[in-house]
$ cat data23.pdb   # PDB, C-alpha atoms
ATOM      1  CA  MET A   1      30.643 -46.076 -22.020
ATOM      2  CA  HIS A   2      30.635 -43.453 -24.789
ATOM      3  CA  GLU A   3      28.130 -45.539 -26.758
ATOM      4  CA  MET A   4      25.855 -45.704 -23.686
ATOM      5  CA  ALA A   5      26.048 -41.940 -23.254
ATOM      6  CA  ARG A   6      25.023 -41.465 -26.881
ATOM      7  CA  ARG A   7      22.046 -43.797 -26.407
ATOM      8  CA  VAL A   8      20.900 -41.825 -23.339
ATOM      9  CA  LYS A   9      20.978 -38.593 -25.312
ATOM     10  CA  GLN A  10      19.168 -40.129 -28.272
ATOM     11  CA  LEU A  11      16.235 -41.518 -26.316
ATOM     12  CA  THR A  12      13.190 -39.271 -26.176
ATOM     13  CA  SER A  13      10.154 -39.236 -23.926
ATOM     14  CA  GLU A  14       8.272 -40.849 -26.833
ATOM     15  CA  ASP A  15      10.671 -43.816 -26.737
ATOM     16  CA  TRP A  16       9.845 -44.362 -23.071
ATOM     17  CA  GLU A  17       6.118 -43.947 -23.713
ATOM     18  CA  ARG A  18       6.193 -46.512 -26.522
ATOM     19  CA  ALA A  19       8.107 -48.948 -24.323
ATOM     20  CA  ALA A  20       5.566 -48.415 -21.534
ATOM     21  CA  LEU A  21       2.666 -49.036 -23.928
ATOM     22  CA  GLN A  22       4.256 -52.264 -25.118
ATOM     23  CA  ALA A  23       4.739 -53.374 -21.507
ATOM     24  CA  ILE A  24       1.074 -52.642 -20.764
ATOM     25  CA  SER A  25      -0.030 -54.518 -23.884
ATOM     26  CA  ASP A  26       2.128 -57.529 -22.976
ATOM     27  CA  SER A  27       1.629 -57.778 -19.230
ATOM     28  CA  GLY A  28      -0.616 -55.019 -17.907
ATOM     29  CA  LEU A  29      -0.143 -51.724 -16.121
ATOM     30  CA  GLY A  30       1.909 -53.297 -13.364
ATOM     31  CA  ALA A  31       4.635 -54.094 -15.909
ATOM     32  CA  VAL A  32       5.495 -50.419 -16.274
ATOM     33  CA  ALA A  33       8.599 -50.159 -14.079
ATOM     34  CA  VAL A  34      11.649 -47.977 -14.632
ATOM     35  CA  GLU A  35      14.433 -50.521 -14.219
ATOM     36  CA  PRO A  36      13.040 -53.236 -16.537
ATOM     37  CA  LEU A  37      12.178 -50.648 -19.183
ATOM     38  CA  ALA A  38      15.668 -49.135 -18.941
ATOM     39  CA  ARG A  39      17.211 -52.577 -19.419
ATOM     40  CA  GLN A  40      14.956 -53.233 -22.382
ATOM     41  CA  LEU A  41      15.914 -49.909 -23.954
ATOM     42  CA  GLY A  42      19.599 -50.474 -23.193
ATOM     43  CA  VAL A  43      20.062 -47.360 -21.075
ATOM     44  CA  THR A  44      20.450 -46.363 -17.445
ATOM     45  CA  LYS A  45      17.691 -45.033 -15.213
ATOM     46  CA  GLY A  46      19.222 -41.604 -15.685
ATOM     47  CA  SER A  47      17.691 -41.498 -19.151
ATOM     48  CA  PHE A  48      14.256 -41.993 -17.628
ATOM     49  CA  TYR A  49      14.670 -39.194 -15.097
ATOM     50  CA  ALA A  50      15.767 -36.838 -17.843
ATOM     51  CA  HIS A  51      12.191 -37.020 -19.144
ATOM     52  CA  PHE A  52       9.899 -37.998 -16.247
ATOM     53  CA  ARG A  53       9.740 -37.275 -12.540
ATOM     54  CA  ASP A  54       8.465 -40.738 -11.657
ATOM     55  CA  ARG A  55       6.663 -43.842 -12.910
ATOM     56  CA  ASP A  56       3.222 -42.255 -12.520
ATOM     57  CA  GLU A  57       4.148 -39.436 -14.856
ATOM     58  CA  LEU A  58       5.257 -42.000 -17.443
ATOM     59  CA  VAL A  59       1.989 -43.929 -17.074
ATOM     60  CA  VAL A  60      -0.066 -40.766 -17.611
ATOM     61  CA  ALA A  61       2.038 -39.775 -20.636
ATOM     62  CA  ALA A  62       1.799 -43.283 -22.129
ATOM     63  CA  LEU A  63      -1.978 -43.365 -21.702
ATOM     64  CA  GLY A  64      -2.182 -39.939 -23.323
ATOM     65  CA  ARG A  65      -0.167 -41.196 -26.282
ATOM     66  CA  TRP A  66      -2.418 -44.249 -26.538
ATOM     67  CA  GLU A  67      -5.507 -42.026 -26.577
ATOM     68  CA  GLN A  68      -4.023 -39.860 -29.314
ATOM     69  CA  ILE A  69      -3.119 -42.866 -31.468
ATOM     70  CA  HIS A  70      -6.662 -44.227 -31.197
ATOM     71  CA  ILE A  71      -8.290 -40.880 -31.915
ATOM     72  CA  GLU A  72      -6.075 -40.361 -34.956
ATOM     73  CA  SER A  73      -6.786 -43.826 -36.397
ATOM     74  CA  PHE A  74     -10.525 -43.384 -35.813
ATOM     75  CA  THR A  75     -10.470 -39.893 -37.323
ATOM     76  CA  ALA A  76      -8.587 -41.161 -40.390
ATOM     77  CA  VAL A  77     -11.425 -43.594 -41.130
ATOM     78  CA  ILE A  78     -14.058 -40.891 -40.563
ATOM     79  CA  GLU A  79     -12.328 -38.539 -42.993
ATOM     80  CA  ARG A  80     -11.704 -41.202 -45.624
ATOM     81  CA  PHE A  81     -15.270 -42.501 -45.931
ATOM     82  CA  LYS A  82     -17.901 -39.853 -46.608
ATOM     83  CA  ASP A  83     -20.738 -42.346 -47.101
ATOM     84  CA  PRO A  84     -22.061 -43.226 -43.606
ATOM     85  CA  ALA A  85     -22.680 -46.907 -44.428
ATOM     86  CA  GLU A  86     -19.145 -47.310 -45.772
ATOM     87  CA  ARG A  87     -17.788 -45.434 -42.760
ATOM     88  CA  LEU A  88     -19.603 -47.769 -40.366
ATOM     89  CA  ARG A  89     -18.284 -50.785 -42.239
ATOM     90  CA  ALA A  90     -14.724 -49.459 -42.039
ATOM     91  CA  LEU A  91     -15.068 -48.621 -38.335
ATOM     92  CA  ILE A  92     -16.455 -52.076 -37.549
ATOM     93  CA  GLU A  93     -13.629 -53.666 -39.569
ATOM     94  CA  LEU A  94     -11.123 -51.572 -37.623
ATOM     95  CA  ALA A  95     -12.626 -52.654 -34.316
ATOM     96  CA  THR A  96     -12.810 -56.317 -35.313
ATOM     97  CA  SER A  97      -9.217 -56.478 -36.501
ATOM     98  CA  ALA A  98      -8.128 -54.697 -33.327
ATOM     99  CA  ALA A  99      -9.974 -57.248 -31.215
ATOM    100  CA  ARG A 100      -8.375 -60.134 -33.094
ATOM    101  CA  GLY A 101      -4.956 -58.517 -32.699
ATOM    102  CA  HIS A 102      -5.134 -58.487 -28.873
ATOM    103  CA  THR A 103      -4.556 -54.747 -28.681
ATOM    104  CA  MET A 104      -3.855 -52.763 -25.550
ATOM    105  CA  ILE A 105      -7.472 -51.851 -24.910
ATOM    106  CA  SER A 106      -8.269 -55.457 -24.011
ATOM    107  CA  ARG A 107      -5.447 -55.399 -21.469
ATOM    108  CA  LEU A 108      -6.627 -52.083 -20.049
ATOM    109  CA  LEU A 109     -10.167 -53.393 -19.648
ATOM    110  CA  LEU A 110      -8.723 -55.908 -17.196
ATOM    111  CA  GLU A 111      -7.315 -53.031 -15.124
ATOM    112  CA  SER A 112     -10.327 -50.769 -15.098
ATOM    113  CA  ASP A 113     -10.050 -50.167 -11.360
ATOM    114  CA  ASP A 114      -7.148 -47.761 -11.986
ATOM    115  CA  PRO A 115      -8.627 -44.237 -12.142
ATOM    116  CA  ARG A 116      -6.204 -43.140 -14.875
ATOM    117  CA  VAL A 117      -7.232 -46.067 -17.043
ATOM    118  CA  ILE A 118     -10.922 -45.477 -16.341
ATOM    119  CA  ALA A 119     -10.582 -41.835 -17.405
ATOM    120  CA  ALA A 120      -8.693 -42.699 -20.604
ATOM    121  CA  LEU A 121     -11.142 -45.433 -21.576
ATOM    122  CA  ARG A 122     -14.094 -43.137 -20.913
ATOM    123  CA  ARG A 123     -12.712 -40.376 -23.126
ATOM    124  CA  ILE A 124     -11.986 -42.748 -25.998
ATOM    125  CA  THR A 125     -15.352 -44.480 -25.626
ATOM    126  CA  GLU A 126     -17.276 -41.192 -25.657
ATOM    127  CA  PHE A 127     -15.328 -40.017 -28.712
ATOM    128  CA  ARG A 128     -16.031 -43.237 -30.605
ATOM    129  CA  LEU A 129     -19.686 -43.410 -29.610
ATOM    130  CA  ALA A 130     -20.298 -39.823 -30.729
ATOM    131  CA  HIS A 131     -18.927 -40.519 -34.214
ATOM    132  CA  ILE A 132     -20.631 -43.890 -34.599
ATOM    133  CA  GLU A 133     -23.923 -42.299 -33.561
ATOM    134  CA  SER A 134     -23.346 -39.531 -36.094
ATOM    135  CA  ALA A 135     -22.973 -42.115 -38.889
ATOM    136  CA  PHE A 136     -26.261 -43.779 -37.925
ATOM    137  CA  ARG A 137     -27.985 -40.387 -37.910
ATOM    138  CA  GLU A 138     -26.624 -39.685 -41.387
ATOM    139  CA  LEU A 139     -28.315 -42.918 -42.448
ATOM    140  CA  GLY A 140     -31.609 -41.288 -41.473
ATOM    141  CA  MET A 141     -32.161 -42.751 -38.019
ATOM    142  CA  PRO A 142     -33.745 -40.623 -35.285
ATOM    143  CA  ARG A 143     -31.342 -39.407 -32.610
ATOM    144  CA  ARG A 144     -32.537 -41.906 -29.989
ATOM    145  CA  THR A 145     -32.339 -44.878 -32.378
ATOM    146  CA  ALA A 146     -28.906 -43.788 -33.588
ATOM    147  CA  ALA A 147     -27.695 -43.591 -29.984
ATOM    148  CA  HIS A 148     -29.012 -47.087 -29.302
ATOM    149  CA  ARG A 149     -27.409 -48.537 -32.436
ATOM    150  CA  ALA A 150     -24.087 -46.879 -31.591
ATOM    151  CA  THR A 151     -24.238 -48.385 -28.110
ATOM    152  CA  ILE A 152     -25.001 -51.845 -29.516
ATOM    153  CA  ALA A 153     -22.174 -51.566 -32.051
ATOM    154  CA  TYR A 154     -19.692 -50.584 -29.366
ATOM    155  CA  ALA A 155     -20.952 -53.291 -27.027
ATOM    156  CA  ALA A 156     -20.305 -55.792 -29.826
ATOM    157  CA  TYR A 157     -16.754 -54.456 -30.073
ATOM    158  CA  ILE A 158     -16.168 -54.926 -26.341
ATOM    159  CA  GLY A 159     -17.606 -58.427 -26.633
ATOM    160  CA  LEU A 160     -15.194 -59.192 -29.486
ATOM    161  CA  LEU A 161     -12.295 -58.152 -27.271
ATOM    162  CA  HIS A 162     -13.329 -60.750 -24.725
ATOM    163  CA  LEU A 163     -13.933 -63.414 -27.368
ATOM    164  CA  ALA A 164     -10.477 -62.787 -28.828
ATOM    165  CA  ARG A 165      -9.020 -63.690 -25.462
ATOM    166  CA  GLU A 166     -11.307 -66.603 -24.594
ATOM    167  CA  VAL A 167     -12.320 -68.257 -27.906
ATOM    168  CA  PRO A 168     -10.172 -66.657 -30.653
ATOM    169  CA  ASP A 169     -11.259 -69.212 -33.266
ATOM    170  CA  ARG A 170     -14.661 -67.459 -33.308
ATOM    171  CA  LEU A 171     -13.007 -64.443 -34.953
ATOM    172  CA  THR A 172     -11.318 -66.232 -37.834
ATOM    173  CA  ASP A 173     -13.986 -65.221 -40.384
ATOM    174  CA  GLU A 174     -13.573 -61.506 -39.783
ATOM    175  CA  ARG A 175     -15.191 -60.239 -42.971
ATOM    176  CA  THR A 176     -18.397 -62.233 -42.425
ATOM    177  CA  LEU A 177     -18.621 -60.967 -38.851
ATOM    178  CA  VAL A 178     -18.321 -57.390 -40.045
ATOM    179  CA  LEU A 179     -20.955 -57.811 -42.762
ATOM    180  CA  GLU A 180     -23.416 -59.583 -40.440
ATOM    181  CA  LEU A 181     -23.087 -56.936 -37.745
ATOM    182  CA  LEU A 182     -23.379 -54.086 -40.221
ATOM    183  CA  GLN A 183     -26.446 -55.625 -41.846
ATOM    184  CA  THR A 184     -28.116 -56.153 -38.465
ATOM    185  CA  LEU A 185     -27.492 -52.576 -37.389
ATOM    186  CA  THR A 186     -28.313 -50.764 -40.634
ATOM    187  CA  GLU A 187     -31.054 -52.801 -42.359
ATOM    188  CA  PRO A 188     -34.007 -50.698 -41.118
ATOM    189  CA  ALA A 189     -32.231 -47.540 -42.208
ATOM    190  CA  LYS A 190     -31.545 -49.017 -45.657
ATOM    191  CA  ARG A 191     -35.220 -49.845 -46.087
ATOM    192  CA  ARG A 192     -36.190 -46.338 -44.997
ATOM    193  CA  ARG A 193     -33.754 -44.749 -47.467
ATOM    194  CA  SER A 194     -35.003 -47.025 -50.229
ATOM    195  CA  ARG A 195     -38.635 -45.967 -49.612
ATOM    196  CA  GLN A 196     -37.636 -42.293 -49.582
ATOM    197  CA  SER A 197     -35.932 -42.642 -52.951
ATOM    198  CA  LEU A 198     -39.062 -44.077 -54.631
TER     199      LEU A 198
END
$ encode --input "data23.pdb" --output "structure tokens"
Amino acid sequence: MHEMARRVKQLTSEDWERAALQAISDSGLGAVAVEPLARQLGVTKGSFYAHFRDRDELVVAALGRWEQIHIESFTAVIERFKDPAERLRALIELATSAARGHTMISRLLLESDDPRVIAALRRITEFRLAHIESAFRELGMPRRTAAHRATIAYAAYIGLLHLAREVPDRLTDERTLVLELLQTLTEPAKRRRSRQSL
């Protein structure tokens, strides 16, 4: 009993959010339920109610954490690679490996009728598209072309998520996929930069 009491005190809201995210990744939004999560964490429901009013509050907090994790990982790549072509390559590699790893976004795409999920996906998508478009513009593409290329790149990412679920063997040669996609999307810009340097 004393050990259980210590566990209850040690658990934080972040512990519950991480457990909820894992449940979503494994089985979808419907898997976020207080009792099963409490059993998994080895605590009573009282621990949950020390941090959240109800399941919906946990879902919102977990989605917020998921958004923050994705924004931070995306931002880390942006800050690491100053050259726009290298940045695009790294971002495409990140997306491809995420698709192959069956990450939570693929599960959430299956539940896009939930307004909380729709809102979270929209915010992350807009954030990613803005930065991908910025990289294409740095490569010398006009704003409209850069927007189109960013849309195509992100559409390819969404397609990879579906392929990872339906025909995962298509994603075994990850590096070649990344290079082919990057070449397709940036070749005109490379030619333009080459002409400008002459």
$ residues_around --input "data23.pdb" --residues "A:Gly28" --least-positions-apart "2" --cutoff "12 Å" --atoms "all atoms listed in the file" --output "MDAnalysis selection string"
chainID A and resid 20:26 30:33 59 103:112 114 117
$ write_last_selection --input "data23.pdb" --atoms "C-alpha atoms" --output "tab-separated table (two decimals), in the frame of the given file"
chain	number	residue	atom	x	y	z
A	20	ALA	CA	5.57	-48.42	-21.53
A	21	LEU	CA	2.67	-49.04	-23.93
A	22	GLN	CA	4.26	-52.26	-25.12
A	23	ALA	CA	4.74	-53.37	-21.51
A	24	ILE	CA	1.07	-52.64	-20.76
A	25	SER	CA	-0.03	-54.52	-23.88
A	26	ASP	CA	2.13	-57.53	-22.98
A	30	GLY	CA	1.91	-53.30	-13.36
A	31	ALA	CA	4.64	-54.09	-15.91
A	32	VAL	CA	5.50	-50.42	-16.27
A	33	ALA	CA	8.60	-50.16	-14.08
A	59	VAL	CA	1.99	-43.93	-17.07
A	103	THR	CA	-4.56	-54.75	-28.68
A	104	MET	CA	-3.86	-52.76	-25.55
A	105	ILE	CA	-7.47	-51.85	-24.91
A	106	SER	CA	-8.27	-55.46	-24.01
A	107	ARG	CA	-5.45	-55.40	-21.47
A	108	LEU	CA	-6.63	-52.08	-20.05
A	109	LEU	CA	-10.17	-53.39	-19.65
A	110	LEU	CA	-8.72	-55.91	-17.20
A	111	GLU	CA	-7.32	-53.03	-15.12
A	112	SER	CA	-10.33	-50.77	-15.10
A	114	ASP	CA	-7.15	-47.76	-11.99
A	117	VAL	CA	-7.23	-46.07	-17.04
$ resolve_selection --input "data23.pdb" --expression "the PyMOL selection byres ((chain A and resi 88) around 12)" --output "ChimeraX atom specification"
/A:74,77-78,80-87,89-95,128-129,131-139,149-150,153-154,178-179,181-183,185-186
$ write_last_selection --input "data23.pdb" --atoms "C-alpha atoms" --output "PDB file, keeping the file's coordinate frame"
ATOM      1  CA  PHE A  74     -10.525 -43.384 -35.813  1.00  0.00           C
ATOM      2  CA  VAL A  77     -11.425 -43.594 -41.130  1.00  0.00           C
ATOM      3  CA  ILE A  78     -14.058 -40.891 -40.563  1.00  0.00           C
ATOM      4  CA  ARG A  80     -11.704 -41.202 -45.624  1.00  0.00           C
ATOM      5  CA  PHE A  81     -15.270 -42.501 -45.931  1.00  0.00           C
ATOM      6  CA  LYS A  82     -17.901 -39.853 -46.608  1.00  0.00           C
ATOM      7  CA  ASP A  83     -20.738 -42.346 -47.101  1.00  0.00           C
ATOM      8  CA  PRO A  84     -22.061 -43.226 -43.606  1.00  0.00           C
ATOM      9  CA  ALA A  85     -22.680 -46.907 -44.428  1.00  0.00           C
ATOM     10  CA  GLU A  86     -19.145 -47.310 -45.772  1.00  0.00           C
ATOM     11  CA  ARG A  87     -17.788 -45.434 -42.760  1.00  0.00           C
ATOM     12  CA  ARG A  89     -18.284 -50.785 -42.239  1.00  0.00           C
ATOM     13  CA  ALA A  90     -14.724 -49.459 -42.039  1.00  0.00           C
ATOM     14  CA  LEU A  91     -15.068 -48.621 -38.335  1.00  0.00           C
ATOM     15  CA  ILE A  92     -16.455 -52.076 -37.549  1.00  0.00           C
ATOM     16  CA  GLU A  93     -13.629 -53.666 -39.569  1.00  0.00           C
ATOM     17  CA  LEU A  94     -11.123 -51.572 -37.623  1.00  0.00           C
ATOM     18  CA  ALA A  95     -12.626 -52.654 -34.316  1.00  0.00           C
ATOM     19  CA  ARG A 128     -16.031 -43.237 -30.605  1.00  0.00           C
ATOM     20  CA  LEU A 129     -19.686 -43.410 -29.610  1.00  0.00           C
ATOM     21  CA  HIS A 131     -18.927 -40.519 -34.214  1.00  0.00           C
ATOM     22  CA  ILE A 132     -20.631 -43.890 -34.599  1.00  0.00           C
ATOM     23  CA  GLU A 133     -23.923 -42.299 -33.561  1.00  0.00           C
ATOM     24  CA  SER A 134     -23.346 -39.531 -36.094  1.00  0.00           C
ATOM     25  CA  ALA A 135     -22.973 -42.115 -38.889  1.00  0.00           C
ATOM     26  CA  PHE A 136     -26.261 -43.779 -37.925  1.00  0.00           C
ATOM     27  CA  ARG A 137     -27.985 -40.387 -37.910  1.00  0.00           C
ATOM     28  CA  GLU A 138     -26.624 -39.685 -41.387  1.00  0.00           C
ATOM     29  CA  LEU A 139     -28.315 -42.918 -42.448  1.00  0.00           C
ATOM     30  CA  ARG A 149     -27.409 -48.537 -32.436  1.00  0.00           C
ATOM     31  CA  ALA A 150     -24.087 -46.879 -31.591  1.00  0.00           C
ATOM     32  CA  ALA A 153     -22.174 -51.566 -32.051  1.00  0.00           C
ATOM     33  CA  TYR A 154     -19.692 -50.584 -29.366  1.00  0.00           C
ATOM     34  CA  VAL A 178     -18.321 -57.390 -40.045  1.00  0.00           C
ATOM     35  CA  LEU A 179     -20.955 -57.811 -42.762  1.00  0.00           C
ATOM     36  CA  LEU A 181     -23.087 -56.936 -37.745  1.00  0.00           C
ATOM     37  CA  LEU A 182     -23.379 -54.086 -40.221  1.00  0.00           C
ATOM     38  CA  GLN A 183     -26.446 -55.625 -41.846  1.00  0.00           C
ATOM     39  CA  LEU A 185     -27.492 -52.576 -37.389  1.00  0.00           C
ATOM     40  CA  THR A 186     -28.313 -50.764 -40.634  1.00  0.00           C
TER      41      THR A 186
END
$ resolve_selection --input "data23.pdb" --expression "the PyMOL selection byres ((chain A and resi 57) around 12)" --output "PyMOL selection string"
chain A and resi 13+16-17+20+32-34+48-49+51-56+58-64+116
$ write_last_selection --input "data23.pdb" --atoms "C-alpha atoms" --output "PDB file, keeping the file's coordinate frame"
ATOM      1  CA  SER A  13      10.154 -39.236 -23.926  1.00  0.00           C
ATOM      2  CA  TRP A  16       9.845 -44.362 -23.071  1.00  0.00           C
ATOM      3  CA  GLU A  17       6.118 -43.947 -23.713  1.00  0.00           C
ATOM      4  CA  ALA A  20       5.566 -48.415 -21.534  1.00  0.00           C
ATOM      5  CA  VAL A  32       5.495 -50.419 -16.274  1.00  0.00           C
ATOM      6  CA  ALA A  33       8.599 -50.159 -14.079  1.00  0.00           C
ATOM      7  CA  VAL A  34      11.649 -47.977 -14.632  1.00  0.00           C
ATOM      8  CA  PHE A  48      14.256 -41.993 -17.628  1.00  0.00           C
ATOM      9  CA  TYR A  49      14.670 -39.194 -15.097  1.00  0.00           C
ATOM     10  CA  HIS A  51      12.191 -37.020 -19.144  1.00  0.00           C
ATOM     11  CA  PHE A  52       9.899 -37.998 -16.247  1.00  0.00           C
ATOM     12  CA  ARG A  53       9.740 -37.275 -12.540  1.00  0.00           C
ATOM     13  CA  ASP A  54       8.465 -40.738 -11.657  1.00  0.00           C
ATOM     14  CA  ARG A  55       6.663 -43.842 -12.910  1.00  0.00           C
ATOM     15  CA  ASP A  56       3.222 -42.255 -12.520  1.00  0.00           C
ATOM     16  CA  LEU A  58       5.257 -42.000 -17.443  1.00  0.00           C
ATOM     17  CA  VAL A  59       1.989 -43.929 -17.074  1.00  0.00           C
ATOM     18  CA  VAL A  60      -0.066 -40.766 -17.611  1.00  0.00           C
ATOM     19  CA  ALA A  61       2.038 -39.775 -20.636  1.00  0.00           C
ATOM     20  CA  ALA A  62       1.799 -43.283 -22.129  1.00  0.00           C
ATOM     21  CA  LEU A  63      -1.978 -43.365 -21.702  1.00  0.00           C
ATOM     22  CA  GLY A  64      -2.182 -39.939 -23.323  1.00  0.00           C
ATOM     23  CA  ARG A 116      -6.204 -43.140 -14.875  1.00  0.00           C
TER      24      ARG A 116
END
$ atom_distance --input "data23.pdb" --atom1 "atom CA of A:Trp66" --atom2 "atom CA of A:Val43"
23.3 Å
$ residues_around --input "data23.pdb" --residues "A:Phe127" --least-positions-apart "3" --cutoff "10 Å" --atoms "only C-alpha atoms" --output "MDAnalysis selection string"
chainID A and resid 70:71 74:75 121:124 130:132
$ axis_aligned_box --input "data23.pdb" --around "stretch 83-95 of chain A" --padding-each-side "6 Å" --output "JSON"
{"center_x": -16.9, "center_y": -48.0, "center_z": -40.7, "size_x": 23.6, "size_y": 23.3, "size_z": 24.8}
$ atom_distance --input "data23.pdb" --atom1 "atom CA of A:Leu11" --atom2 "atom CA of A:Leu37"
12.3 Å
